[in-house]
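For reference, model_29.cif (mmCIF, C-alpha atoms):
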```cif
data_model
loop_
_atom_site.group_PDB
_atom_site.id
_atom_site.type_symbol
_atom_site.label_atom_id
_atom_site.label_comp_id
_atom_site.auth_asym_id
_atom_site.auth_seq_id
_atom_site.Cartn_x
_atom_site.Cartn_y
_atom_site.Cartn_z
ATOM 1 C CA MET A 90 -2.237 -4.534 -4.762
ATOM 2 C CA PRO A 91 -2.613 -2.981 -8.222
ATOM 3 C CA PHE A 92 0.631 -0.955 -8.155
ATOM 4 C CA PRO A 93 4.023 -1.071 -6.403
ATOM 5 C CA VAL A 94 2.891 0.518 -3.173
ATOM 6 C CA PHE A 95 6.240 -0.299 -1.570
ATOM 7 C CA LEU A 96 7.762 2.752 -3.299
ATOM 8 C CA TRP A 97 5.918 5.052 -0.919
ATOM 9 C CA GLU A 98 7.464 3.512 2.188
ATOM 10 C CA VAL A 99 10.860 3.345 0.458
ATOM 11 C CA PHE A 100 11.001 7.070 -0.182
ATOM 12 C CA TRP A 101 9.509 7.829 3.212
ATOM 13 C CA LEU A 102 12.357 5.937 4.819
ATOM 14 C CA LEU A 103 15.005 7.363 2.503
ATOM 15 C CA LEU A 104 14.067 10.965 3.155
ATOM 16 C CA ILE A 105 13.150 10.885 6.830
ATOM 17 C CA ILE A 106 14.408 7.946 8.835
ATOM 18 C CA CYS A 107 17.317 6.401 6.976
ATOM 19 C CA PHE A 108 19.915 5.981 9.732
ATOM 20 C CA SER A 109 21.143 2.492 8.826
ATOM 21 C CA TRP A 110 21.622 1.688 5.152
ATOM 22 C CA LYS A 111 21.644 -2.020 5.919
ATOM 23 C CA ILE A 112 18.239 -1.840 7.582
ATOM 24 C CA PHE A 113 17.034 0.391 4.768
ATOM 25 C CA ALA A 114 18.166 -2.077 2.094
ATOM 26 C CA LEU A 115 16.569 -5.035 3.871
ATOM 27 C CA ALA A 116 13.341 -3.077 4.346
ATOM 28 C CA VAL A 117 13.274 -2.255 0.629
ATOM 29 C CA LEU A 118 13.871 -5.882 -0.329
ATOM 30 C CA THR A 119 11.294 -7.258 2.096
ATOM 31 C CA THR A 120 8.590 -4.807 1.084
ATOM 32 C CA THR A 121 9.343 -5.362 -2.593
ATOM 33 C CA PHE A 122 9.055 -9.124 -2.203
ATOM 34 C CA LEU A 123 5.780 -8.724 -0.280
ATOM 35 C CA GLN A 124 4.398 -6.472 -2.995
ATOM 36 C CA VAL A 125 5.320 -8.912 -5.755
ATOM 37 C CA LEU A 126 3.929 -11.769 -3.672
ATOM 38 C CA SER A 127 0.643 -9.897 -3.292
ATOM 39 C CA ASN A 128 0.412 -9.232 -7.031
ATOM 40 C CA PHE A 129 1.147 -12.872 -7.899
ATOM 41 C CA ALA A 130 -1.384 -14.129 -5.349
ATOM 42 C CA ASN A 131 -4.034 -11.721 -6.648
ATOM 43 C CA ASP A 132 -3.406 -12.880 -10.201
ATOM 44 C CA LEU A 133 -3.817 -16.542 -9.271
ATOM 45 C CA GLY A 134 -6.621 -16.084 -6.744
ATOM 46 C CA ASP A 135 -8.889 -13.996 -8.971
ATOM 47 C CA THR A 136 -8.523 -16.507 -11.800
ATOM 48 C CA VAL A 137 -9.109 -19.572 -9.639
ATOM 49 C CA ASN A 138 -12.143 -17.972 -8.006
ATOM 50 C CA GLY A 139 -13.613 -16.969 -11.363
ATOM 51 C CA VAL A 140 -13.278 -13.219 -10.897
ATOM 52 C CA ASP A 141 -10.887 -12.783 -13.827
ATOM 53 C CA THR A 142 -12.647 -14.187 -16.870
ATOM 54 C CA ALA A 143 -12.235 -13.887 -20.611
ATOM 55 C CA ASP A 144 -14.552 -10.859 -20.440
ATOM 56 C CA ARG A 145 -11.847 -8.810 -18.698
ATOM 57 C CA LYS A 146 -10.367 -6.534 -21.354
ATOM 58 C CA VAL A 147 -8.719 -3.837 -19.207
ATOM 59 C CA ALA A 148 -5.692 -4.594 -16.987
ATOM 60 C CA THR A 149 -5.616 -8.265 -17.955
ATOM 61 C CA ARG A 150 -3.767 -10.819 -15.819
ATOM 62 C CA ALA A 151 -1.076 -13.372 -16.670
ATOM 63 C CA VAL A 152 -2.942 -16.499 -15.544
ATOM 64 C CA GLN A 153 -6.245 -15.240 -16.940
ATOM 65 C CA THR A 154 -4.779 -14.771 -20.416
ATOM 66 C CA GLY A 155 -2.826 -18.022 -20.297
ATOM 67 C CA ALA A 156 0.564 -16.295 -20.415
ATOM 68 C CA ILE A 157 1.616 -18.601 -17.578
ATOM 69 C CA THR A 158 -0.042 -21.636 -15.999
ATOM 70 C CA ARG A 159 -1.617 -21.828 -12.568
ATOM 71 C CA LYS A 160 1.125 -24.194 -11.425
ATOM 72 C CA GLN A 161 3.826 -21.786 -12.556
ATOM 73 C CA MET A 162 2.163 -18.936 -10.675
ATOM 74 C CA LEU A 163 1.792 -21.091 -7.567
ATOM 75 C CA ASN A 164 5.505 -21.886 -7.707
ATOM 76 C CA ALA A 165 6.259 -18.165 -8.065
ATOM 77 C CA ILE A 166 4.116 -17.452 -4.989
ATOM 78 C CA ILE A 167 6.061 -20.035 -2.979
ATOM 79 C CA VAL A 168 9.386 -18.534 -4.067
ATOM 80 C CA MET A 169 8.309 -14.981 -3.162
ATOM 81 C CA SER A 170 6.975 -16.166 0.205
ATOM 82 C CA VAL A 171 10.329 -17.756 1.029
ATOM 83 C CA LEU A 172 12.254 -14.674 -0.098
ATOM 84 C CA SER A 173 9.972 -12.401 1.953
ATOM 85 C CA PHE A 174 10.509 -14.600 5.005
ATOM 86 C CA ILE A 175 14.297 -14.647 4.609
ATOM 87 C CA THR A 176 14.793 -10.913 4.092
ATOM 88 C CA GLY A 177 12.190 -10.119 6.738
ATOM 89 C CA SER A 178 14.023 -12.305 9.257
ATOM 90 C CA LEU A 179 17.323 -10.629 8.396
ATOM 91 C CA LEU A 180 15.660 -7.230 8.780
ATOM 92 C CA ILE A 181 14.399 -8.122 12.243
ATOM 93 C CA TYR A 182 17.808 -9.502 13.212
ATOM 94 C CA GLU A 183 19.617 -6.395 12.014
ATOM 95 C CA GLY A 184 17.133 -3.931 13.493
ATOM 96 C CA LEU A 185 16.572 -5.636 16.838
ATOM 97 C CA LYS A 186 19.965 -7.124 17.725
ATOM 98 C CA ASN A 187 19.903 -5.901 21.315
ATOM 99 C CA SER A 188 16.154 -5.957 21.907
ATOM 100 C CA ASP A 189 14.215 -8.153 24.312
ATOM 101 C CA THR A 190 12.631 -11.417 23.203
ATOM 102 C CA GLN A 191 9.091 -10.061 23.360
ATOM 103 C CA THR A 192 9.867 -7.244 20.919
ATOM 104 C CA ILE A 193 11.621 -9.610 18.514
ATOM 105 C CA LEU A 194 8.722 -12.082 18.600
ATOM 106 C CA SER A 195 6.230 -9.249 18.081
ATOM 107 C CA PHE A 196 7.988 -8.093 14.915
ATOM 108 C CA PHE A 197 8.394 -11.669 13.742
ATOM 109 C CA GLY A 198 4.650 -12.131 14.188
ATOM 110 C CA LEU A 199 3.959 -8.968 12.192
ATOM 111 C CA GLY A 200 6.184 -10.304 9.421
ATOM 112 C CA ILE A 201 4.328 -13.620 9.266
ATOM 113 C CA MET A 202 1.007 -11.773 9.267
ATOM 114 C CA SER A 203 2.226 -9.600 6.384
ATOM 115 C CA ILE A 204 3.006 -12.674 4.287
ATOM 116 C CA ILE A 205 -0.322 -14.280 5.120
ATOM 117 C CA ALA A 206 -2.197 -11.052 4.360
ATOM 118 C CA ALA A 207 -0.459 -10.718 0.986
ATOM 119 C CA ILE A 208 -1.543 -14.229 -0.017
ATOM 120 C CA THR A 209 -5.026 -14.526 1.454
ATOM 121 C CA TYR A 210 -6.369 -11.288 -0.028
ATOM 122 C CA THR A 211 -7.705 -13.336 -2.950
ATOM 123 C CA VAL A 212 -6.365 -16.861 -2.325
ATOM 124 C CA GLY A 213 -8.064 -19.507 -0.200
ATOM 125 C CA LYS A 214 -11.582 -20.637 0.624
ATOM 126 C CA ARG A 215 -12.568 -17.317 2.204
ATOM 127 C CA PRO A 216 -10.399 -14.515 0.732
ATOM 128 C CA TYR A 217 -10.809 -11.434 2.881
ATOM 129 C CA GLY A 218 -10.610 -9.193 -0.187
ATOM 130 C CA TYR A 219 -13.907 -10.679 -1.365
ATOM 131 C CA MET A 220 -15.530 -9.598 1.888
ATOM 132 C CA GLY A 221 -14.574 -5.939 1.582
ATOM 133 C CA LEU A 222 -11.749 -6.154 4.148
ATOM 134 C CA GLY A 223 -8.904 -5.301 1.788
ATOM 135 C CA ASP A 224 -9.060 -1.600 2.606
ATOM 136 C CA ILE A 225 -8.422 -1.980 6.322
ATOM 137 C CA SER A 226 -5.608 -4.462 5.604
ATOM 138 C CA VAL A 227 -3.901 -1.963 3.278
ATOM 139 C CA LEU A 228 -4.242 0.820 5.855
ATOM 140 C CA ILE A 229 -2.689 -1.355 8.546
ATOM 141 C CA PHE A 230 0.180 -2.934 6.628
ATOM 142 C CA PHE A 231 1.058 -0.236 4.059
ATOM 143 C CA GLY A 232 0.373 2.607 6.441
ATOM 144 C CA TRP A 233 0.782 2.011 10.148
ATOM 145 C CA VAL A 234 2.981 -1.104 10.146
ATOM 146 C CA GLY A 235 5.040 -0.038 7.120
ATOM 147 C CA VAL A 236 5.952 3.395 8.486
ATOM 148 C CA MET A 237 5.793 3.008 12.263
ATOM 149 C CA GLY A 238 7.371 -0.440 12.246
ATOM 150 C CA THR A 239 10.330 0.530 10.105
ATOM 151 C CA TYR A 240 10.829 3.733 12.090
ATOM 152 C CA TYR A 241 11.109 1.602 15.228
ATOM 153 C CA LEU A 242 13.634 -0.703 13.569
ATOM 154 C CA GLN A 243 15.765 2.332 12.753
ATOM 155 C CA THR A 244 15.455 4.205 16.053
ATOM 156 C CA HIS A 245 14.109 1.775 18.687
ATOM 157 C CA LEU A 246 11.631 4.537 19.485
ATOM 158 C CA LEU A 247 7.878 4.717 19.041
ATOM 159 C CA ASP A 248 6.879 8.262 18.087
ATOM 160 C CA TRP A 249 3.084 8.319 18.108
ATOM 161 C CA SER A 250 2.956 11.643 16.281
ATOM 162 C CA LEU A 251 4.079 9.703 13.190
ATOM 163 C CA ILE A 252 0.689 8.004 13.149
ATOM 164 C CA LEU A 253 -0.513 11.005 11.106
ATOM 165 C CA PRO A 254 1.909 10.707 8.158
ATOM 166 C CA ALA A 255 1.653 6.920 8.452
ATOM 167 C CA THR A 256 -2.107 7.263 8.077
ATOM 168 C CA SER A 257 -1.591 9.506 5.042
ATOM 169 C CA CYS A 258 0.453 6.739 3.387
ATOM 170 C CA GLY A 259 -2.147 4.161 4.326
ATOM 171 C CA LEU A 260 -5.177 6.144 3.164
ATOM 172 C CA PHE A 261 -3.596 7.006 -0.168
ATOM 173 C CA ALA A 262 -2.705 3.316 -0.622
ATOM 174 C CA VAL A 263 -6.352 2.495 0.088
ATOM 175 C CA GLY A 264 -7.212 5.121 -2.525
ATOM 176 C CA VAL A 265 -5.243 3.142 -5.112
ATOM 177 C CA LEU A 266 -7.077 -0.044 -4.167
ATOM 178 C CA ASN A 267 -10.431 1.724 -4.240
ATOM 179 C CA ILE A 268 -9.855 3.043 -7.766
ATOM 180 C CA ASN A 269 -8.921 -0.499 -8.779
ATOM 181 C CA ASN A 270 -12.161 -1.810 -7.298
ATOM 182 C CA ILE A 271 -14.290 0.963 -8.815
ATOM 183 C CA ARG A 272 -12.825 0.075 -12.201
ATOM 184 C CA ASP A 273 -13.720 -3.594 -11.695
ATOM 185 C CA ILE A 274 -17.094 -3.037 -10.025
ATOM 186 C CA ASP A 275 -19.224 -4.532 -12.815
ATOM 187 C CA SER A 276 -17.181 -7.728 -13.144
ATOM 188 C CA ASP A 277 -16.902 -8.050 -9.354
ATOM 189 C CA ILE A 278 -20.679 -7.846 -8.981
ATOM 190 C CA LYS A 279 -21.119 -10.648 -11.515
ATOM 191 C CA THR A 280 -18.577 -12.907 -9.816
ATOM 192 C CA GLY A 281 -19.497 -12.239 -6.179
ATOM 193 C CA LYS A 282 -16.425 -10.271 -5.111
ATOM 194 C CA ASN A 283 -17.908 -7.957 -2.480
ATOM 195 C CA SER A 284 -15.369 -5.153 -2.469
ATOM 196 C CA ILE A 285 -16.201 -1.817 -0.844
ATOM 197 C CA PRO A 286 -17.399 -0.291 -4.167
ATOM 198 C CA VAL A 287 -19.621 -3.336 -4.746
ATOM 199 C CA ARG A 288 -21.120 -2.899 -1.289
ATOM 200 C CA LEU A 289 -21.527 0.880 -1.608
ATOM 201 C CA GLY A 290 -22.342 1.222 -5.280
ATOM 202 C CA LYS A 291 -20.360 3.336 -7.736
ATOM 203 C CA ASP A 292 -21.640 6.756 -6.646
ATOM 204 C CA LYS A 293 -20.959 6.214 -2.944
ATOM 205 C CA ALA A 294 -17.620 4.571 -3.735
ATOM 206 C CA VAL A 295 -16.617 7.805 -5.483
ATOM 207 C CA ILE A 296 -17.606 9.769 -2.359
ATOM 208 C CA TYR A 297 -15.515 7.297 -0.361
ATOM 209 C CA GLN A 298 -12.594 8.007 -2.698
ATOM 210 C CA TRP A 299 -12.905 11.736 -2.030
ATOM 211 C CA CYS A 300 -12.955 11.020 1.723
ATOM 212 C CA LEU A 301 -9.724 9.013 1.421
ATOM 213 C CA LEU A 302 -8.027 11.807 -0.519
ATOM 214 C CA ILE A 303 -9.168 14.557 1.840
ATOM 215 C CA ALA A 304 -8.421 12.635 5.042
ATOM 216 C CA GLY A 305 -4.994 11.532 3.797
ATOM 217 C CA PHE A 306 -4.037 15.064 2.858
ATOM 218 C CA LEU A 307 -5.388 16.544 6.103
ATOM 219 C CA CYS A 308 -3.332 14.100 8.185
ATOM 220 C CA GLY A 309 -0.232 15.556 6.559
ATOM 221 C CA VAL A 310 -1.442 19.116 7.121
ATOM 222 C CA ILE A 311 -2.190 18.508 10.799
ATOM 223 C CA TYR A 312 1.200 16.876 11.385
ATOM 224 C CA VAL A 313 3.111 19.721 9.758
ATOM 225 C CA ALA A 314 0.995 22.454 11.354
ATOM 226 C CA SER A 315 1.666 21.022 14.807
ATOM 227 C CA SER A 316 5.451 20.811 14.283
ATOM 228 C CA ASP A 317 7.932 23.345 15.638
ATOM 229 C CA SER A 318 9.601 23.920 12.283
ATOM 230 C CA THR A 319 9.245 27.389 10.743
ATOM 231 C CA SER A 320 10.705 26.402 7.376
ATOM 232 C CA TRP A 321 8.538 27.042 4.338
ATOM 233 C CA ALA A 322 9.764 23.717 2.916
ATOM 234 C CA LYS A 323 7.582 21.769 5.319
ATOM 235 C CA TRP A 324 4.575 22.777 3.183
ATOM 236 C CA LEU A 325 6.125 21.607 -0.068
ATOM 237 C CA PHE A 326 3.757 18.635 -0.249
ATOM 238 C CA ILE A 327 0.867 21.027 -0.979
ATOM 239 C CA ILE A 328 1.882 20.889 -4.646
ATOM 240 C CA THR A 329 0.172 17.483 -4.774
ATOM 241 C CA LEU A 330 -3.242 18.917 -3.880
ATOM 242 C CA PRO A 331 -4.221 19.893 -7.470
ATOM 243 C CA LEU A 332 -3.186 16.427 -8.642
ATOM 244 C CA LEU A 333 -5.296 14.739 -5.979
ATOM 245 C CA ILE A 334 -8.274 16.906 -6.930
ATOM 246 C CA LYS A 335 -7.795 16.020 -10.590
ATOM 247 C CA ILE A 336 -7.716 12.326 -9.723
ATOM 248 C CA GLY A 337 -10.894 12.639 -7.678
ATOM 249 C CA LYS A 338 -12.655 14.392 -10.540
ATOM 250 C CA GLY A 339 -11.385 11.855 -13.060
ATOM 251 C CA VAL A 340 -12.643 8.887 -11.049
ATOM 252 C CA SER A 341 -15.975 10.657 -10.548
ATOM 253 C CA ALA A 342 -16.384 11.240 -14.276
ATOM 254 C CA GLY A 343 -15.199 7.800 -15.421
ATOM 255 C CA GLU A 344 -18.037 5.692 -16.768
ATOM 256 C CA ASN A 345 -16.213 2.513 -17.780
ATOM 257 C CA PRO A 346 -13.050 0.577 -16.832
ATOM 258 C CA ALA A 347 -10.996 2.069 -19.674
ATOM 259 C CA GLU A 348 -11.746 5.618 -18.484
ATOM 260 C CA ILE A 349 -11.033 4.859 -14.818
ATOM 261 C CA ASP A 350 -7.939 2.688 -15.227
ATOM 262 C CA PRO A 351 -5.438 5.530 -15.989
ATOM 263 C CA PHE A 352 -6.166 7.150 -12.623
ATOM 264 C CA LEU A 353 -4.922 4.040 -10.838
ATOM 265 C CA LYS A 354 -1.331 4.766 -11.865
ATOM 266 C CA ARG A 355 -1.788 8.515 -11.387
ATOM 267 C CA MET A 356 -2.949 7.957 -7.827
ATOM 268 C CA ALA A 357 0.089 5.823 -7.071
ATOM 269 C CA LEU A 358 2.532 8.304 -8.612
ATOM 270 C CA THR A 359 0.866 11.264 -6.902
ATOM 271 C CA THR A 360 1.188 9.487 -3.578
ATOM 272 C CA LEU A 361 4.859 8.932 -4.299
ATOM 273 C CA LEU A 362 5.233 12.657 -5.005
ATOM 274 C CA PHE A 363 3.377 13.463 -1.779
ATOM 275 C CA VAL A 364 5.753 11.309 0.262
ATOM 276 C CA VAL A 365 8.875 12.683 -1.420
ATOM 277 C CA THR A 366 7.868 16.325 -0.978
ATOM 278 C CA PHE A 367 6.639 15.651 2.554
ATOM 279 C CA GLY A 368 9.957 14.034 3.425
ATOM 280 C CA ILE A 369 11.992 16.864 1.923
ATOM 281 C CA GLY A 370 9.985 19.295 4.045
ATOM 282 C CA GLN A 371 10.860 17.388 7.209
ATOM 283 C CA ILE A 372 14.577 17.438 6.387
ATOM 284 C CA PHE A 373 14.782 21.138 5.590
#
```
Could you rewrite the structure in this file as structure tokens?
Amino acid sequence: MPFPVFLWEVFWLLLIICFSWKIFALAVLTTTFLQVLSNFANDLGDTVNGVDTADRKVATRAVQTGAITRKQMLNAIIVMSVLSFITGSLLIYEGLKNSDTQTILSFFGLGIMSIIAAITYTVGKRPYGYMGLGDISVLIFFGWVGVMGTYYLQTHLLDWSLILPATSCGLFAVGVLNINNIRDIDSDIKTGKNSIPVRLGKDKAVIYQWCLLIAGFLCGVIYVASSDSTSWAKWLFIITLPLLIKIGKGVSAGENPAEIDPFLKRMALTTLLFVVTFGIGQIF
């Protein structure tokens, strides 16, 4: 992932479903470790597979530039994998103390899959990120699993209405990844990384970006509109709409990596603002 996506789930939990601070802290640690693991694996994988070359001038990587060696990065990946496993296991233990074996094993399996997904996005003989499958992985793990799974750990309930805000988180996270891939489209074409923008082409990838922004925002609107709350605060998240529109226009107008790259961070921060304001609206 190109930016600390874990922040979105962190604030979502803090503002809406934080019943146990111990579970909250373990969830923050686990998601942080997974995010760092993903970034380290992406750095190593793209260099080993020849995607990150000396021609990359925007958003350079540590291994690519020689700041650290491949062996050092591999060791860092191993360390982060172990840390993710440890805190994830503690999170499952704390959140599912009195649950049945099947539920515990299901969450344990999701945790293992999360670690594998973080590594194999760009690492291995057949990285799924090079086949255009990164988007669906982000939607699943940073949207549905991240929000719904942690909600269950806090409440032992499965509220299917939360699939809408969970999808908002996931689609906006995909939006970050898509901007990253639009920025890198020329280098990815040369090196055979078949991301969604490579498959669609720049113009259609921009349309795809607009679809992600609109769908993510509408999921929030539908969830709030269908709630029983009459508080005006539940619509506070609407303040992010102009920012999302500005991001969409900026990505559409960007003609080179340097012009597109700033909107990567803006998309991440706008999503954070969306989650914070959305959460405040649910509290009040």
Please determine, counting all atoms listed in the file, which residue among A:Thr119, A:Thr329, A:Asn345, A:Ser284 has the shortest atom-to-atom distance to Pro216 of chain A.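 Closest candidate: A:Ser284.
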Step by step, work through what the PyMOL selection byres ((chain A and resi 129) around 9) selects in the shown file, and finish by giving those residues as a PyMOL selection string. chain A and resi 124-128+130-134+162-163+165-166+169+208
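Across the model, the gap from atom CA of Phe122 of chain A to atom CA of Ala206 of chain A is 13.2 Å.
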Given all atoms listed in the file as the basis, pick out the residue of A:Gly213, A:Gly232, A:Gly198, A:Gly259 nearest to Asp135 of chain A.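 Once distances to Asp135 of chain A are computed over all atoms listed in the file, the minimum belongs to A:Gly213.
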Neighbour list for segment 246-253 of chain A as a PyMOL selection string, cut-off 9 Å, only C-alpha atoms, skip fewer than 3 positions in-chain: chain A and resi 232-233+236-238+240-243+256-258+305+307-309+311-312
Apply the PyMOL selection byres ((chain A and resi 271) around 9) to the file shown and report the selected residues as a compact mmCIF listing (two decimals) with C-alpha atoms, in the coordinates of the input.
```
# COMPACT_ATOMS: atom_id res chain seq x y z
CA LEU A 266 -7.08 -0.04 -4.17
CA ASN A 267 -10.43 1.72 -4.24
CA ILE A 268 -9.86 3.04 -7.77
CA ASN A 269 -8.92 -0.50 -8.78
CA ASN A 270 -12.16 -1.81 -7.30
CA ARG A 272 -12.82 0.08 -12.20
CA ASP A 273 -13.72 -3.59 -11.70
CA ILE A 274 -17.09 -3.04 -10.02
CA ASP A 275 -19.22 -4.53 -12.82
CA SER A 284 -15.37 -5.15 -2.47
CA ILE A 285 -16.20 -1.82 -0.84
CA PRO A 286 -17.40 -0.29 -4.17
CA VAL A 287 -19.62 -3.34 -4.75
CA GLY A 290 -22.34 1.22 -5.28
CA LYS A 291 -20.36 3.34 -7.74
CA ALA A 294 -17.62 4.57 -3.74
CA VAL A 295 -16.62 7.80 -5.48
CA VAL A 340 -12.64 8.89 -11.05
CA PRO A 346 -13.05 0.58 -16.83
CA ILE A 349 -11.03 4.86 -14.82
```
Calculated over all atoms listed in the file, which of the candidates A:Leu330, A:Leu180, A:Ala314, A:Val234 has the smallest distance to Trp110 of chain A? A:Leu180
Here is a test: counting all atoms listed in the file, which residue of A:Leu199, A:Ile112, A:Ile336, A:Gly370 is nearest to Leu301 of chain A? A:Ile336
Suppose you want the space between atom CA of Asp277 of chain A and atom CA of Val263 of chain A; what is it in Å?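 Spanning atom CA of Asp277 of chain A to atom CA of Val263 of chain A is a straight-line distance of 17.7 Å.
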Given only C-alpha atoms as the counted atoms, nearest of A:Ala156, A:Ile372, A:Leu302, A:Val212 to Ala322 of chain A: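 Among the listed residues, the smallest separation from Ala322 of chain A belongs to A:Ile372.
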Can you measure atom CA of Tyr182 of chain A to atom CA of Leu118 of chain A for me? One decimal in Å is fine.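 Rounded to one decimal, the two atoms are 14.6 Å apart.
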Step by step, gather every atom of segment 284-291 of chain A that the file lists, find the box along x, y and z that holds them, add 5 Å on each side, and finally give centre and edge lengths in Å to one decimal, as lines of an AutoDock Vina configuration file.
```
center_x = -18.9
center_y = -0.9
center_z = -4.3
size_x = 17.0
size_y = 18.5
size_z = 16.9
```
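Residue nearest Phe113 of chain A, chosen from A:Asn187, A:Thr176, A:Thr319, A:Thr211 and counting only C-alpha atoms: A:Thr176.
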Selection result for the PyMOL selection byres ((chain A and resi 196) around 12) on this file, as a PyMOL selection string: chain A and resi 177-182+184-185+188-195+197-203+234-235+237-239+241-242
